[in-house]
Amino acid sequence: MYKIKPPFRADHVGSLLRTPEVKESRMKWKRGEITAEELRAIEDKAIADTVKKLESTGMKSITDGEFRRDYFHLDFLKELAGVTVTGGIEANPNAKAAEDGFTPPKVSVTGKLQHVKDIQVDDFNYLKQVATYTPKVTIPSPTMIHFRGGRKSIDINSYPDMDEFFHDLSQSYRQEIDALYQAGCRYIQLDDTNLAYLCDPKMRAAAQERGEDPNELPRTYAALINSVIDGRPDDLTVGIHLCRGNYRSTWFAEGGYEPVAEVLFNNINVDAYFLEYDDERSGDFAPLRFVPNNKVVVLGIVSSKSRELENPDDLRKRIDEAAQYMPLENLCISPQCGFSSTHHGNDMSHDDQWRKIELVVNTAQKVWGES
């Protein structure tokens, strides 16, 4: 039986739609019209108000909505010495929102990787002050520095030996997680697009073109993630969220979890998996047969991309379907992704967002008698 809490029966991935004031103030700050201190004060108030709203729904997993970030990953990664953010990558031509020409920035390694300062600690310290329930910190998975560019995106002079690269990357993450734990954080989620991308035949082919083995990469990434989290304190819960892309309701990859399932569930030593299962792009629940009994899966069966509210009876049926492959007591539910992985947000209103969250909480209460 899985007994660790968090995750909770009703959980959420992390990001929330920015308030109009936060969005406007961030633009003013970028234009030099207000100071960073003034921006932070505005963010503080918005986060405090949003936390109250989130807790009023019955949600016990509390984030700051990632209100202080432009992107779910870049604002964190660029604070590591040796990381450079430039250019872009090809957008998915089939995704409905990609027609605006958006191409996500590219991460590359241009020097030795080092954790030169605490990145999320100040943000966590504020969150724990305003949260009544469990504060949760989301950070990008360490794999985010490697997959898109592979060996070519890592400076050969800084890292002629890839083992040294992975060592320094792991050490940087361990230092950040240790700092968060010392500050009182007990719930961390790693956001990982790459393990999900390795479910997509086109993404796997692209990795092969970069000289990577798509069958071996999941094992490489499992070893990397484990080198970051192994030996953690018993009271620190670590989950991982697999994402197929989330920009203005745009997705970048598709494909069921079968290609990575056995390694994902048995070789990565996290406590919980947040899995996207909002539509047919995610495949069926059969890969859950690989999940061991000491781990939990949070089913992302409520879409954060679409305004349409799911039918509660349909959600319960889908949970029952998943429970054919693993114990119901080891399952939870959540939205399939964040509501605003980038500051732009998704194609829905704030009211839509809160209805979705309330649906997650209400469904959890009906299925398990708890949220």
# chains A, B, ... in the order shown; residues from 1 in each chain; ligands from 1
$ residues_around --residues "Asp75 in chain A" --least-positions-apart "3" --cutoff "12 Å" --atoms "only C-alpha atoms" --output "VMD selection string"
chain A and resid 66 to 72 78 to 80 83 to 85 105 107 119 to 120 138 to 140 341 to 343
$ residues_around --residues "Ala207 in chain A" --least-positions-apart "6" --cutoff "10 Å" --atoms "only C-alpha atoms" --output "list in words"
Phe147, Arg148, Gly149, Gly150, Tyr197, Leu198, Pro201, Asp213, Pro214 and Leu217 of chain A
$ select_by_dssp --residues "range 97-313 of chain A" --states "helix (DSSP H, G or I)" --output "ChimeraX atom specification"
/A:98-100,121-130,142-145,150-153,162-182,194-197,201-209,217-229,261-267,280-282,286-290,312-313
$ closest_residue --among "A:Met27, A:Ala206, A:Ala222, A:Ala46" --to "Asp64 in chain A" --atoms "only C-alpha atoms"
A:Ala46
$ residues_around --residues "range 299-310 of chain A" --least-positions-apart "3" --cutoff "8 Å" --atoms "only C-alpha atoms" --output "number ranges by chain"
A: 246, 248-250, 274-279, 314-315, 318-319, 331-339, 346-349, 352-353, 355-356, 360
$ residues_around --residues "Asn215 in chain A" --least-positions-apart "4" --cutoff "12 Å" --atoms "only C-alpha atoms" --output "ChimeraX atom specification"
/A:195,198-199,201,204-205,207-208,219-221,258-263
$ select_by_dssp --residues "range 3-195 of chain A" --states "strand (DSSP E or B)" --output "JSON, numbers by chain"
{"A": [10, 61, 62, 71, 81, 82, 83, 84, 85, 86, 106, 107, 108, 109, 110, 111, 112, 113, 114, 134, 135, 137, 138, 139, 140, 154, 187, 188, 189, 190, 191, 192]}
$ closest_residue --among "A:Arg151, A:Lys136, A:Arg9, A:Arg281" --to "Ala196 in chain A" --atoms "only C-alpha atoms"
A:Arg281
$ atom_distance --atom1 "CA of Lys30 in chain A" --atom2 "CA of His73 in chain A"
18.8 Å
$ atom_distance --atom1 "CA of Glu164 in chain A" --atom2 "CA of Gln114 in chain A"
12.1 Å
$ residues_around --residues "range 48-51 of chain A" --least-positions-apart "5" --cutoff "10 Å" --atoms "only C-alpha atoms" --output "ChimeraX atom specification"
/A:16-19,43,56,59,62-65,67,126-127,129-133,135
$ write_last_selection --atoms "N, CA, C and O atoms" --output "mmCIF file, in the first residue's frame"
data_model
loop_
_atom_site.group_PDB
_atom_site.id
_atom_site.type_symbol
_atom_site.label_atom_id
_atom_site.label_comp_id
_atom_site.auth_asym_id
_atom_site.auth_seq_id
_atom_site.Cartn_x
_atom_site.Cartn_y
_atom_site.Cartn_z
ATOM 1 N N LEU A 16 -0.297 28.166 -12.661
ATOM 2 C CA LEU A 16 -1.655 28.699 -12.737
ATOM 3 C C LEU A 16 -1.640 29.931 -13.630
ATOM 4 O O LEU A 16 -0.584 30.556 -13.834
ATOM 5 N N LEU A 17 -2.787 30.277 -14.180
ATOM 6 C CA LEU A 17 -2.883 31.469 -15.011
ATOM 7 C C LEU A 17 -2.451 32.687 -14.217
ATOM 8 O O LEU A 17 -2.921 32.912 -13.100
ATOM 9 N N ARG A 18 -1.536 33.480 -14.790
ATOM 10 C CA ARG A 18 -1.105 34.706 -14.117
ATOM 11 C C ARG A 18 -2.279 35.678 -14.027
ATOM 12 O O ARG A 18 -3.108 35.738 -14.948
ATOM 13 N N THR A 19 -2.336 36.434 -12.960
ATOM 14 C CA THR A 19 -3.362 37.462 -12.859
ATOM 15 C C THR A 19 -3.021 38.589 -13.834
ATOM 16 O O THR A 19 -1.849 38.785 -14.191
ATOM 17 N N GLU A 43 3.873 40.496 -7.144
ATOM 18 C CA GLU A 43 3.778 39.031 -7.216
ATOM 19 C C GLU A 43 3.412 38.446 -5.860
ATOM 20 O O GLU A 43 2.588 37.514 -5.769
ATOM 21 N N SER A 56 -9.195 27.197 -0.943
ATOM 22 C CA SER A 56 -10.645 27.211 -0.760
ATOM 23 C C SER A 56 -11.345 26.141 -1.596
ATOM 24 O O SER A 56 -12.474 25.752 -1.309
ATOM 25 N N MET A 59 -8.017 21.911 -2.448
ATOM 26 C CA MET A 59 -6.707 21.436 -2.884
ATOM 27 C C MET A 59 -5.703 21.570 -1.742
ATOM 28 O O MET A 59 -5.619 22.615 -1.103
ATOM 29 N N ILE A 62 -0.079 22.891 -2.721
ATOM 30 C CA ILE A 62 -0.100 24.336 -2.938
ATOM 31 C C ILE A 62 1.201 24.822 -3.573
ATOM 32 O O ILE A 62 2.290 24.646 -3.009
ATOM 33 N N THR A 63 1.078 25.434 -4.745
ATOM 34 C CA THR A 63 2.227 26.068 -5.384
ATOM 35 C C THR A 63 1.997 27.575 -5.457
ATOM 36 O O THR A 63 0.908 28.059 -5.162
ATOM 37 N N ASP A 64 3.024 28.292 -5.887
ATOM 38 C CA ASP A 64 2.867 29.734 -6.097
ATOM 39 C C ASP A 64 2.386 30.041 -7.511
ATOM 40 O O ASP A 64 2.405 31.189 -7.944
ATOM 41 N N GLY A 65 1.950 28.998 -8.227
ATOM 42 C CA GLY A 65 1.450 29.169 -9.577
ATOM 43 C C GLY A 65 2.529 29.455 -10.597
ATOM 44 O O GLY A 65 2.251 29.703 -11.760
ATOM 45 N N PHE A 67 4.175 32.091 -10.661
ATOM 46 C CA PHE A 67 3.909 33.488 -11.031
ATOM 47 C C PHE A 67 5.193 34.282 -11.281
ATOM 48 O O PHE A 67 5.165 35.293 -11.966
ATOM 49 N N TYR A 126 8.633 32.330 0.849
ATOM 50 C CA TYR A 126 7.418 33.147 0.829
ATOM 51 C C TYR A 126 6.181 32.259 0.747
ATOM 52 O O TYR A 126 5.191 32.483 1.465
ATOM 53 N N LEU A 127 6.230 31.237 -0.099
ATOM 54 C CA LEU A 127 5.079 30.354 -0.259
ATOM 55 C C LEU A 127 4.689 29.701 1.060
ATOM 56 O O LEU A 127 3.500 29.634 1.401
ATOM 57 N N GLN A 129 5.023 30.769 3.953
ATOM 58 C CA GLN A 129 4.433 31.755 4.865
ATOM 59 C C GLN A 129 2.944 31.939 4.610
ATOM 60 O O GLN A 129 2.177 32.210 5.547
ATOM 61 N N VAL A 130 2.523 31.825 3.352
ATOM 62 C CA VAL A 130 1.130 32.129 3.005
ATOM 63 C C VAL A 130 0.290 30.870 2.803
ATOM 64 O O VAL A 130 -0.932 30.977 2.652
ATOM 65 N N ALA A 131 0.902 29.691 2.804
ATOM 66 C CA ALA A 131 0.163 28.449 2.586
ATOM 67 C C ALA A 131 -0.207 27.789 3.904
ATOM 68 O O ALA A 131 0.619 27.693 4.817
ATOM 69 N N THR A 132 -1.444 27.328 3.997
ATOM 70 C CA THR A 132 -1.895 26.564 5.160
ATOM 71 C C THR A 132 -1.589 25.087 4.970
ATOM 72 O O THR A 132 -1.210 24.393 5.911
ATOM 73 N N TYR A 133 -1.751 24.616 3.745
ATOM 74 C CA TYR A 133 -1.507 23.217 3.438
ATOM 75 C C TYR A 133 -0.076 23.032 2.905
ATOM 76 O O TYR A 133 0.782 23.871 3.120
ATOM 77 N N PRO A 135 3.157 23.160 0.891
ATOM 78 C CA PRO A 135 3.766 23.899 -0.225
ATOM 79 C C PRO A 135 4.588 22.955 -1.100
ATOM 80 O O PRO A 135 5.358 22.132 -0.599
#
$ closest_residue --among "A:Ile229, A:Val296, A:Ala36, A:Leu242" --to "Ile188 in chain A" --atoms "only C-alpha atoms"
A:Ile229
$ atom_distance --atom1 "CA of Glu209 in chain A" --atom2 "CA of Cys243 in chain A"
22.1 Å
$ residues_around --residues "Gln171 in chain A" --least-positions-apart "6" --cutoff "10 Å" --atoms "only C-alpha atoms" --output "list in words"
Leu113, Gln114, His115, Phe165, Ile177, Ser227 and Val228 of chain A
$ write_last_selection --atoms "N, CA and C atoms" --output "PDB file, in the first residue's frame"
ATOM      1  N   LEU A 113      29.251  23.620 -15.414  1.00  0.00           N
ATOM      2  CA  LEU A 113      28.011  23.744 -14.666  1.00  0.00           C
ATOM      3  C   LEU A 113      28.302  23.873 -13.174  1.00  0.00           C
ATOM      4  N   GLN A 114      27.675  24.871 -12.558  1.00  0.00           N
ATOM      5  CA  GLN A 114      27.825  25.066 -11.120  1.00  0.00           C
ATOM      6  C   GLN A 114      26.555  25.641 -10.530  1.00  0.00           C
ATOM      7  N   HIS A 115      26.258  25.235  -9.310  1.00  0.00           N
ATOM      8  CA  HIS A 115      25.172  25.836  -8.534  1.00  0.00           C
ATOM      9  C   HIS A 115      25.797  26.973  -7.729  1.00  0.00           C
ATOM     10  N   PHE A 165      30.160  15.916 -17.380  1.00  0.00           N
ATOM     11  CA  PHE A 165      28.986  16.775 -17.547  1.00  0.00           C
ATOM     12  C   PHE A 165      27.841  16.304 -16.649  1.00  0.00           C
ATOM     13  N   ILE A 177      18.368  21.115  -4.248  1.00  0.00           N
ATOM     14  CA  ILE A 177      17.366  20.349  -3.509  1.00  0.00           C
ATOM     15  C   ILE A 177      17.709  20.322  -2.024  1.00  0.00           C
ATOM     16  N   SER A 227      20.824  10.026  -9.595  1.00  0.00           N
ATOM     17  CA  SER A 227      22.023  10.611  -8.995  1.00  0.00           C
ATOM     18  C   SER A 227      21.701  11.920  -8.277  1.00  0.00           C
ATOM     19  N   VAL A 228      20.569  12.537  -8.652  1.00  0.00           N
ATOM     20  CA  VAL A 228      20.128  13.768  -8.012  1.00  0.00           C
ATOM     21  C   VAL A 228      19.337  13.488  -6.738  1.00  0.00           C
TER      22      VAL A 228
END
$ residues_around --residues "Phe8 in chain A" --least-positions-apart "5" --cutoff "8 Å" --atoms "only C-alpha atoms" --output "ChimeraX atom specification"
/A:60-61,332,371
$ write_last_selection --atoms "C-alpha atoms" --output "PDB file, in the first residue's frame"
ATOM      1  CA  LYS A  60      -3.963  20.517  -0.400  1.00  0.00           C
ATOM      2  CA  SER A  61      -1.029  20.669  -2.843  1.00  0.00           C
ATOM      3  CA  CYS A 332      -4.587  10.095  -7.665  1.00  0.00           C
ATOM      4  CA  SER A 371      -8.844  15.041  -1.553  1.00  0.00           C
TER       5      SER A 371
END
